[in-house]
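Enquirer: Okay, so here is my_file-v3.tsv, and as you'll see once you scroll down, it has TSV, C-alpha atoms and all ligand atoms.
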chain	number	residue	atom	x	y	z
C	1	GLU	CA	86.79	109.90	24.45
C	2	GLU	CA	87.16	106.14	24.73
C	3	VAL	CA	87.74	104.96	28.30
C	4	LEU	CA	90.61	102.45	28.46
C	5	PRO	CA	91.30	99.79	31.08
C	6	LEU	CA	93.67	100.95	33.84
C	7	PRO	CA	96.57	98.82	35.04
C	8	ARG	CA	96.31	97.49	38.59
C	9	ALA	CA	99.83	98.70	39.40
C	10	THR	CA	101.83	101.56	37.92
C	11	ARG	CA	103.36	100.67	34.56
C	12	ILE	CA	106.75	102.29	34.12
C	13	LEU	CA	107.93	102.43	30.50
C	14	THR	CA	111.21	103.83	29.29
C	15	ILE	CA	111.22	105.05	25.70
C	16	SER	CA	114.68	104.26	24.44
C	17	ASN	CA	116.72	104.17	21.27
C	18	GLN	CA	120.27	105.50	21.16
C	19	LYS	CA	119.52	107.07	17.79
C	20	GLY	CA	118.31	110.63	17.74
C	21	GLY	CA	115.30	111.73	15.73
C	22	VAL	CA	113.46	108.39	15.72
C	23	GLY	CA	110.38	109.68	17.54
C	24	LYS	CA	111.15	108.95	21.21
C	25	THR	CA	109.96	112.29	22.55
C	26	THR	CA	107.00	112.48	20.17
C	27	THR	CA	105.95	109.01	21.28
C	28	ALA	CA	106.35	109.77	25.01
C	29	VAL	CA	104.30	112.95	24.80
C	30	ASN	CA	101.51	111.65	22.58
C	31	LEU	CA	101.02	108.29	24.30
C	32	ALA	CA	100.97	110.11	27.64
C	33	ALA	CA	98.41	112.60	26.35
C	34	ALA	CA	96.23	109.86	24.85
C	35	LEU	CA	96.25	107.79	28.05
C	36	ALA	CA	95.52	110.82	30.26
C	37	ARG	CA	92.52	111.73	28.09
C	38	SER	CA	91.24	108.19	28.33
C	39	GLY	CA	91.16	108.27	32.15
C	40	ALA	CA	94.68	107.37	33.31
C	41	ARG	CA	96.95	109.40	35.59
C	42	VAL	CA	100.25	109.81	33.79
C	43	LEU	CA	103.73	111.14	34.54
C	44	VAL	CA	106.35	111.94	31.90
C	45	ILE	CA	109.93	112.12	33.15
C	46	ASP	CA	112.06	114.12	30.75
C	47	LEU	CA	115.56	112.65	30.86
C	48	ASP	CA	116.95	114.43	27.81
C	49	PRO	CA	118.96	117.65	28.44
C	50	GLN	CA	117.27	119.12	25.35
C	51	GLY	CA	114.03	119.22	27.31
C	52	ASN	CA	111.84	118.61	24.25
C	53	ALA	CA	109.24	116.62	26.17
C	54	SER	CA	108.99	119.43	28.74
C	55	THR	CA	108.44	121.95	25.94
C	56	ALA	CA	105.78	119.84	24.26
C	57	LEU	CA	103.92	119.50	27.57
C	58	GLY	CA	104.02	123.23	28.23
C	59	VAL	CA	106.31	122.91	31.24
C	60	ASP	CA	108.94	125.56	32.01
C	61	HIS	CA	112.44	124.11	31.76
C	62	ARG	CA	114.65	127.18	31.78
C	63	SER	CA	117.90	126.69	33.64
C	64	ASP	CA	116.67	128.29	36.89
C	65	GLN	CA	113.87	125.70	37.26
C	66	LYS	CA	114.10	122.67	39.54
C	67	SER	CA	114.36	119.58	37.39
C	68	VAL	CA	115.23	115.91	37.17
C	69	TYR	CA	118.86	117.01	37.43
C	70	ASP	CA	118.27	117.98	41.08
C	71	VAL	CA	116.78	114.54	41.72
C	72	LEU	CA	119.65	112.63	40.14
C	73	VAL	CA	122.56	114.69	41.40
C	74	ALA	CA	121.36	116.70	44.43
C	75	ASP	CA	119.13	114.12	46.15
C	76	ARG	CA	115.94	116.15	45.75
C	77	SER	CA	112.68	114.20	45.89
C	78	LEU	CA	110.53	113.92	42.78
C	79	ASP	CA	107.79	115.62	44.74
C	80	GLU	CA	109.80	118.84	44.67
C	81	VAL	CA	110.18	118.88	40.89
C	82	VAL	CA	106.95	117.45	39.42
C	83	LYS	CA	104.88	120.01	37.54
C	84	PRO	CA	101.42	119.91	36.02
C	85	SER	CA	101.36	119.92	32.22
C	86	THR	CA	99.22	122.31	30.22
C	87	GLU	CA	98.14	119.31	28.14
C	88	HIS	CA	95.75	117.62	30.54
C	89	GLU	CA	94.81	117.72	34.23
C	90	ARG	CA	95.82	114.08	34.69
C	91	LEU	CA	99.21	114.55	33.05
C	92	ASP	CA	102.28	115.71	35.00
C	93	CYS	CA	105.88	116.20	33.93
C	94	VAL	CA	109.28	116.17	35.57
C	95	PRO	CA	111.17	118.67	33.41
C	96	ALA	CA	114.75	118.48	32.20
C	97	THR	CA	116.98	121.54	32.11
C	98	ILE	CA	120.26	122.02	30.31
C	99	HIS	CA	122.08	121.18	33.59
C	100	LEU	CA	121.25	117.57	32.83
C	101	ALA	CA	123.94	117.62	30.14
C	102	GLY	CA	126.54	117.57	32.93
C	103	ALA	CA	124.84	114.80	34.87
C	104	GLU	CA	126.32	112.01	32.72
C	105	ILE	CA	129.73	113.01	34.11
C	106	GLU	CA	128.64	114.04	37.61
C	107	LEU	CA	126.82	110.76	38.20
C	108	VAL	CA	129.99	108.73	37.65
C	109	SER	CA	131.39	109.53	41.09
C	110	LEU	CA	128.11	109.24	43.02
C	111	VAL	CA	127.00	106.32	45.18
C	112	ALA	CA	124.41	104.04	43.55
C	113	ARG	CA	124.76	106.03	40.36
C	114	GLU	CA	122.59	103.63	38.33
C	115	GLN	CA	119.77	103.49	40.91
C	116	ARG	CA	119.12	107.14	41.61
C	117	LEU	CA	116.05	107.60	39.45
C	118	ARG	CA	114.60	104.28	40.58
C	119	ARG	CA	114.90	105.16	44.26
C	120	ALA	CA	113.36	108.58	43.76
C	121	LEU	CA	110.52	107.23	41.63
C	122	ASP	CA	109.72	104.29	43.90
C	123	ALA	CA	109.64	106.61	46.93
C	124	HIS	CA	107.39	109.06	45.11
C	125	LEU	CA	104.92	106.42	43.96
C	126	ALA	CA	104.82	104.81	47.41
C	127	ALA	CA	103.95	108.16	49.02
C	128	MET	CA	101.06	108.92	46.65
C	129	ASP	CA	97.45	108.25	47.68
C	130	HIS	CA	96.59	107.60	44.04
C	131	PRO	CA	99.81	106.60	42.27
C	132	TYR	CA	100.15	107.23	38.55
C	133	ASP	CA	98.82	104.55	36.21
C	134	TYR	CA	101.65	105.15	33.75
C	135	VAL	CA	105.11	106.65	33.95
C	136	PHE	CA	106.93	107.33	30.67
C	137	ILE	CA	110.63	108.12	30.72
C	138	ASP	CA	111.88	110.02	27.68
C	139	CYS	CA	115.54	109.05	27.15
C	140	PRO	CA	118.37	110.97	25.51
C	141	PRO	CA	119.91	109.54	22.31
C	142	SER	CA	122.76	107.67	24.01
C	143	LEU	CA	123.39	104.61	26.14
C	144	GLY	CA	125.08	106.47	29.01
C	145	LEU	CA	124.22	106.74	32.70
C	146	LEU	CA	121.01	108.70	32.12
C	147	THR	CA	119.61	105.93	29.95
C	148	ILE	CA	120.88	103.31	32.42
C	149	ASN	CA	119.00	105.14	35.19
C	150	ALA	CA	115.87	104.91	33.04
C	151	PHE	CA	116.39	101.16	32.43
C	152	VAL	CA	116.80	100.55	36.15
C	153	ALA	CA	113.74	102.64	37.10
C	154	ALA	CA	111.47	101.07	34.47
C	155	ARG	CA	109.79	97.67	34.14
C	156	GLU	CA	109.16	97.93	30.41
C	157	VAL	CA	111.15	99.19	27.45
C	158	LEU	CA	109.34	100.74	24.49
C	159	ILE	CA	111.50	101.14	21.38
C	160	PRO	CA	110.27	103.46	18.63
C	161	ILE	CA	111.63	102.42	15.26
C	162	GLN	CA	111.66	104.76	12.32
C	163	CYS	CA	110.65	102.99	9.11
C	164	GLU	CA	113.80	103.96	7.22
C	165	TYR	CA	116.90	102.40	5.79
C	166	TYR	CA	119.16	102.37	8.86
C	167	ALA	CA	116.33	101.52	11.25
C	168	LEU	CA	117.68	98.19	12.45
C	169	GLU	CA	121.28	99.30	12.69
C	170	GLY	CA	122.29	99.67	16.32
C	171	LEU	CA	119.29	97.71	17.50
C	172	SER	CA	121.36	94.68	18.52
C	173	GLN	CA	123.52	96.92	20.70
C	174	LEU	CA	120.40	98.31	22.37
C	175	LEU	CA	119.02	94.81	22.93
C	176	SER	CA	122.24	93.52	24.46
C	177	ASN	CA	122.34	96.52	26.78
C	178	ILE	CA	118.80	95.74	27.92
C	179	GLU	CA	119.91	92.15	28.55
C	180	LEU	CA	122.89	93.32	30.59
C	181	ILE	CA	120.68	95.59	32.70
C	182	GLU	CA	118.22	92.76	33.26
C	183	LYS	CA	121.01	90.44	34.35
C	184	HIS	CA	122.87	92.80	36.66
C	185	LEU	CA	120.70	95.72	37.72
C	186	ASN	CA	116.99	95.18	37.09
C	187	PRO	CA	115.62	91.64	36.72
C	188	ASP	CA	112.10	93.05	36.13
C	189	LEU	CA	113.02	94.81	32.91
C	190	ARG	CA	111.63	93.53	29.62
C	191	LEU	CA	111.22	94.77	26.08
C	192	SER	CA	107.44	94.96	26.00
C	193	THR	CA	106.68	97.23	23.09
C	194	ILE	CA	107.98	98.23	19.68
C	195	LEU	CA	106.29	101.06	17.84
C	196	LEU	CA	106.88	101.70	14.14
C	197	THR	CA	106.95	105.44	13.45
C	198	MET	CA	107.24	107.94	10.62
C	199	TYR	CA	105.81	105.43	8.22
C	200	ASP	CA	105.39	106.49	4.62
C	201	SER	CA	103.12	103.94	2.97
C	202	ARG	CA	104.13	105.13	-0.51
C	203	THR	CA	107.62	103.67	-0.23
C	204	ASN	CA	108.44	100.00	-0.56
C	205	LEU	CA	111.31	100.50	1.81
C	206	ALA	CA	109.06	101.52	4.70
C	207	GLN	CA	106.93	98.42	4.12
C	208	GLN	CA	110.04	96.22	4.06
C	209	VAL	CA	111.41	97.70	7.28
C	210	ALA	CA	108.04	97.29	8.99
C	211	GLN	CA	107.83	93.66	7.88
C	212	GLU	CA	111.36	92.94	9.01
C	213	VAL	CA	110.68	94.38	12.46
C	214	ARG	CA	107.48	92.32	12.75
C	215	ASP	CA	109.36	89.15	11.76
C	216	HIS	CA	111.96	89.75	14.48
C	217	PHE	CA	109.55	90.93	17.20
C	218	PRO	CA	106.15	89.40	16.46
C	219	THR	CA	104.73	89.78	19.96
C	220	GLN	CA	106.23	93.14	20.89
C	221	THR	CA	105.43	95.13	17.76
C	222	LEU	CA	102.15	97.03	17.99
C	223	SER	CA	99.81	96.56	15.05
C	224	THR	CA	99.27	100.32	14.95
C	225	ILE	CA	101.86	102.19	12.87
C	226	ILE	CA	102.44	105.93	13.26
C	227	PRO	CA	102.41	107.62	9.83
C	228	ARG	CA	104.68	110.45	8.88
C	229	SER	CA	102.50	113.53	9.32
C	230	VAL	CA	103.16	117.24	9.29
C	231	ARG	CA	100.61	117.76	12.08
C	232	VAL	CA	102.68	115.55	14.40
C	233	SER	CA	105.78	117.66	13.83
C	234	GLU	CA	103.91	120.98	14.17
C	235	ALA	CA	102.23	120.24	17.50
C	236	PRO	CA	105.23	120.68	19.87
C	237	SER	CA	105.83	124.27	18.77
C	238	TYR	CA	102.35	125.05	20.13
C	239	GLY	CA	103.22	123.31	23.42
C	240	GLN	CA	100.69	120.60	22.60
C	241	SER	CA	100.36	116.94	21.74
C	242	VAL	CA	99.06	116.24	18.26
C	243	ILE	CA	95.89	115.05	19.95
C	244	SER	CA	94.98	118.49	21.30
C	245	TYR	CA	96.53	120.26	18.32
C	246	ASP	CA	94.51	118.37	15.69
C	247	TYR	CA	92.29	115.67	17.18
C	248	ALA	CA	91.04	114.32	13.87
C	249	SER	CA	94.43	114.11	12.14
C	250	SER	CA	95.96	110.77	11.18
C	251	GLY	CA	98.82	111.27	13.66
C	252	SER	CA	96.39	111.87	16.51
C	253	LEU	CA	94.28	108.87	15.55
C	254	SER	CA	97.27	106.55	15.33
C	255	TYR	CA	98.75	107.63	18.68
C	256	ARG	CA	95.32	107.14	20.29
C	257	GLU	CA	95.14	103.65	18.77
C	258	ALA	CA	98.67	102.81	19.90
C	259	ALA	CA	97.78	103.94	23.44
C	260	ALA	CA	94.67	101.75	23.39
C	261	GLU	CA	96.72	98.73	22.34
C	262	ILE	CA	99.23	99.35	25.13
C	263	ALA	CA	96.45	99.72	27.69
C	264	ARG	CA	94.61	96.56	26.58
C	265	ARG	CA	97.78	94.47	26.45
C	266	GLY	CA	98.70	95.54	29.97
C	267	ALA	CA	95.24	94.70	31.24
C	268	ALA	CA	95.41	91.24	29.65
C	269	GLU	CA	98.72	90.36	31.25
C	270	PRO	CA	99.21	88.66	34.60
C	271	GLN	CA	100.14	91.34	37.13
C	272	GLU	CA	103.50	91.50	38.85
C	273	SER	CA	103.41	90.91	42.56
C	274	ASN	CA	105.62	93.84	43.60
C	301	LIG	P1	113.79	111.73	19.29
C	301	LIG	O1	113.19	112.09	20.61
C	301	LIG	O2	113.97	110.25	19.11
C	301	LIG	O3	115.06	112.49	19.01
C	301	LIG	P2	111.61	113.23	18.14
C	301	LIG	O4	110.38	112.67	18.76
C	301	LIG	O5	112.12	114.52	18.69
C	301	LIG	O6	112.76	112.14	18.13
C	301	LIG	O7	111.33	113.35	16.58
C	301	LIG	C1	112.33	113.87	15.70
C	301	LIG	C2	111.69	114.87	14.73
C	301	LIG	O8	110.74	114.19	13.91
C	301	LIG	C3	110.92	115.96	15.43
C	301	LIG	O9	111.07	117.15	14.70
C	301	LIG	C4	109.48	115.49	15.38
C	301	LIG	O10	108.55	116.56	15.38
C	301	LIG	C5	109.45	114.73	14.06
C	301	LIG	N1	108.48	113.64	14.07
C	301	LIG	C6	108.35	112.67	14.99
C	301	LIG	N2	107.37	111.80	14.65
C	301	LIG	C7	106.86	112.25	13.48
C	301	LIG	C8	105.81	111.80	12.60
C	301	LIG	N3	105.10	110.72	12.87
C	301	LIG	N4	105.58	112.52	11.48
C	301	LIG	C9	106.31	113.62	11.18
C	301	LIG	N5	107.29	114.10	11.96
C	301	LIG	C10	107.58	113.43	13.10
C	302	MG	MG	113.94	113.29	22.14
What would you get if you wrote out this structure as structure tokens?
Ligand code: ADP
Ligand code: MG
Expert:
Amino acid sequence: EEVLPLPRATRILTISNQKGGVGKTTTAVNLAAALARSGARVLVIDLDPQGNASTALGVDHRSDQKSVYDVLVADRSLDEVVKPSTEHERLDCVPATIHLAGAEIELVSLVAREQRLRRALDAHLAAMDHPYDYVFIDCPPSLGLLTINAFVAAREVLIPIQCEYYALEGLSQLLSNIELIEKHLNPDLRLSTILLTMYDSRTNLAQQVAQEVRDHFPTQTLSTIIPRSVRVSEAPSYGQSVISYDYASSGSLSYREAAAEIARRGAAEPQESN
């Protein structure tokens, strides 16, 4: 396994796109697995009531389990809900249960409703002897209060973009939301990374979409593209990343390369002072 440079401070990335089925969860799980294998300590926070990231990481998220819901709505500390993944010893997960579906509504009447994840995460990281190197937040497909909590807790946004016809539709809404959050709630937030996913090199359309995204976001778009691959879609049903499921597959290779790019970019950047 290639050892990658570690960031000096915890990098907190939210994986967001209000569209469903674009590869958010797949990206969160596989980047986290790749970085953990390469030496980093990684936390995945599952913020989608579906709990797909929890499933893929082999973490119990039945409704009787403590979860991120208890952190957001019942003032539990993250410490009480973090669980080890079955994927790797350096990879932990905060699971989501179906209760989270009600949190969008329940949060509305709570104090500091946009800051609840941030406060819990900052407190957790500050109390750790060896804080995580990376935290990935897997967002639901909406721009509601759960996603806003992720934007406020994170420093970086990673947008997965599916190389298909409607890929860029809705992107301007997402970008203006990020701008609003930066202006009013989290001045540290920036769109750091765009990852092209589910690429089918046989279609002209996929190539056109990829080129269009690169033209719009030349610095943010990773040079690695994730191909469409059956192995990637099979892995979660075995409670695994594609990297443990089929190390040599094209999906595994491309997620490992994407993780390496993210790690090297972070190491090359001037560090924040907070
Ligand atoms: P989201 O979290 O944005 O809703 P998912 O990560 O759950 O999206 O992906 C949607 C579906 O597409 C899932 O069934 C997943 O297994 C599949 N998928 C994701 N990435 C790939 C890929 N590169 N190749 C093939 N299938 C993929
Ligand atoms: Mg998902």
Enquirer: Can you tell me which residues come within 8 Å of ligand MG 302 (chain C) when counting all atoms listed in the file, ideally as a compact mmCIF listing (two decimals) with C-alpha atoms, keeping the file's coordinate frame?
Expert:
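The resulting file, result-v5.txt, is reproduced below:
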# COMPACT_ATOMS: atom_id res chain seq x y z
CA GLY C 20 118.31 110.63 17.74
CA GLY C 21 115.30 111.73 15.73
CA GLY C 23 110.38 109.68 17.54
CA LYS C 24 111.15 108.95 21.21
CA THR C 25 109.96 112.29 22.55
CA THR C 26 107.00 112.48 20.17
CA ASP C 48 116.95 114.43 27.81
CA GLN C 50 117.27 119.12 25.35
CA GLY C 51 114.03 119.22 27.31
CA ASN C 52 111.84 118.61 24.25
CA ALA C 53 109.24 116.62 26.17
CA ASP C 138 111.88 110.02 27.68
CA CYS C 139 115.54 109.05 27.15
CA PRO C 140 118.37 110.97 25.51
CA PRO C 141 119.91 109.54 22.31
Enquirer: For each of C:Ser201, C:Glu106, C:Ile12, C:Ser229, take the minimum atom-to-atom distance to Phe151 (chain C), counting all atoms listed in the file, then give the residue where this is smallest.
Expert: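 Of C:Ser201, C:Glu106, C:Ile12, C:Ser229, the one nearest Phe151 (chain C) is C:Ile12, counting all atoms listed in the file.
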Enquirer: Using all atoms listed in the file, which of the listed residues (C:Asp75, C:Glu169, C:Glu104, C:Asp200) sits closest to ligand LIG 301 (chain C)?
Expert: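 Comparing C:Asp75, C:Glu169, C:Glu104, C:Asp200 against ligand LIG 301 (chain C), the winner is C:Asp200.
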Enquirer: What lies within 6 Å of Ile194 (chain C) using only C-alpha atoms, ignoring chain neighbours under 2 positions off, as a ChimeraX atom specification?
Expert: /C:158-160,220-221
Enquirer: Check the smallest atom-to-atom distance from each of C:Ala36, C:Val29, C:Ile181, C:Val81 to ligand LIG 301 (chain C) using all atoms listed in the file, then report the winner.
Expert: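 Residue with the minimum atom-to-atom distance to ligand LIG 301 (chain C): C:Val29.
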Enquirer: Name all residues at most 6 Å from Leu196 (chain C) (count all atoms listed in the file; drop same-chain ones fewer than 3 positions away) and give them as an mmCIF file with C-alpha atoms, in the coordinates of the input.
Expert:
data_model
loop_
_atom_site.group_PDB
_atom_site.id
_atom_site.type_symbol
_atom_site.label_atom_id
_atom_site.label_comp_id
_atom_site.auth_asym_id
_atom_site.auth_seq_id
_atom_site.Cartn_x
_atom_site.Cartn_y
_atom_site.Cartn_z
ATOM 1 C CA PRO C 160 110.270 103.460 18.630
ATOM 2 C CA ILE C 161 111.630 102.420 15.260
ATOM 3 C CA GLN C 162 111.660 104.760 12.320
ATOM 4 C CA ILE C 225 101.860 102.190 12.870
#
Enquirer: Between C:Val44, C:Leu121, C:Leu174, C:Ala56, which residue has the minimum interatomic distance to Asn17 (chain C), considering all atoms listed in the file?
Expert: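 Closest residue, counting all atoms listed in the file: C:Leu174.
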Enquirer: If you count all atoms listed in the file, which residues fall within 12 Å of Arg265 (chain C), apart from same-chain ones fewer than 5 positions away, as a PyMOL selection string?
Expert: chain C and resi 4-7+11+192-193+219-223+258-260+270-271
Enquirer: Figure out the distance between CA of Asp246 (chain C) and CA of Ala206 (chain C), please, to one decimal in Å.
Expert: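 These two atoms are separated by 24.8 Å.
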Enquirer: Which polymer residues have any atom within 8 Å of an atom of His124 (chain C), counting all atoms listed in the file, with same-chain residues fewer than 3 positions away left out, as a PyMOL selection string?
Expert: chain C and resi 77-79+120-121+127-128
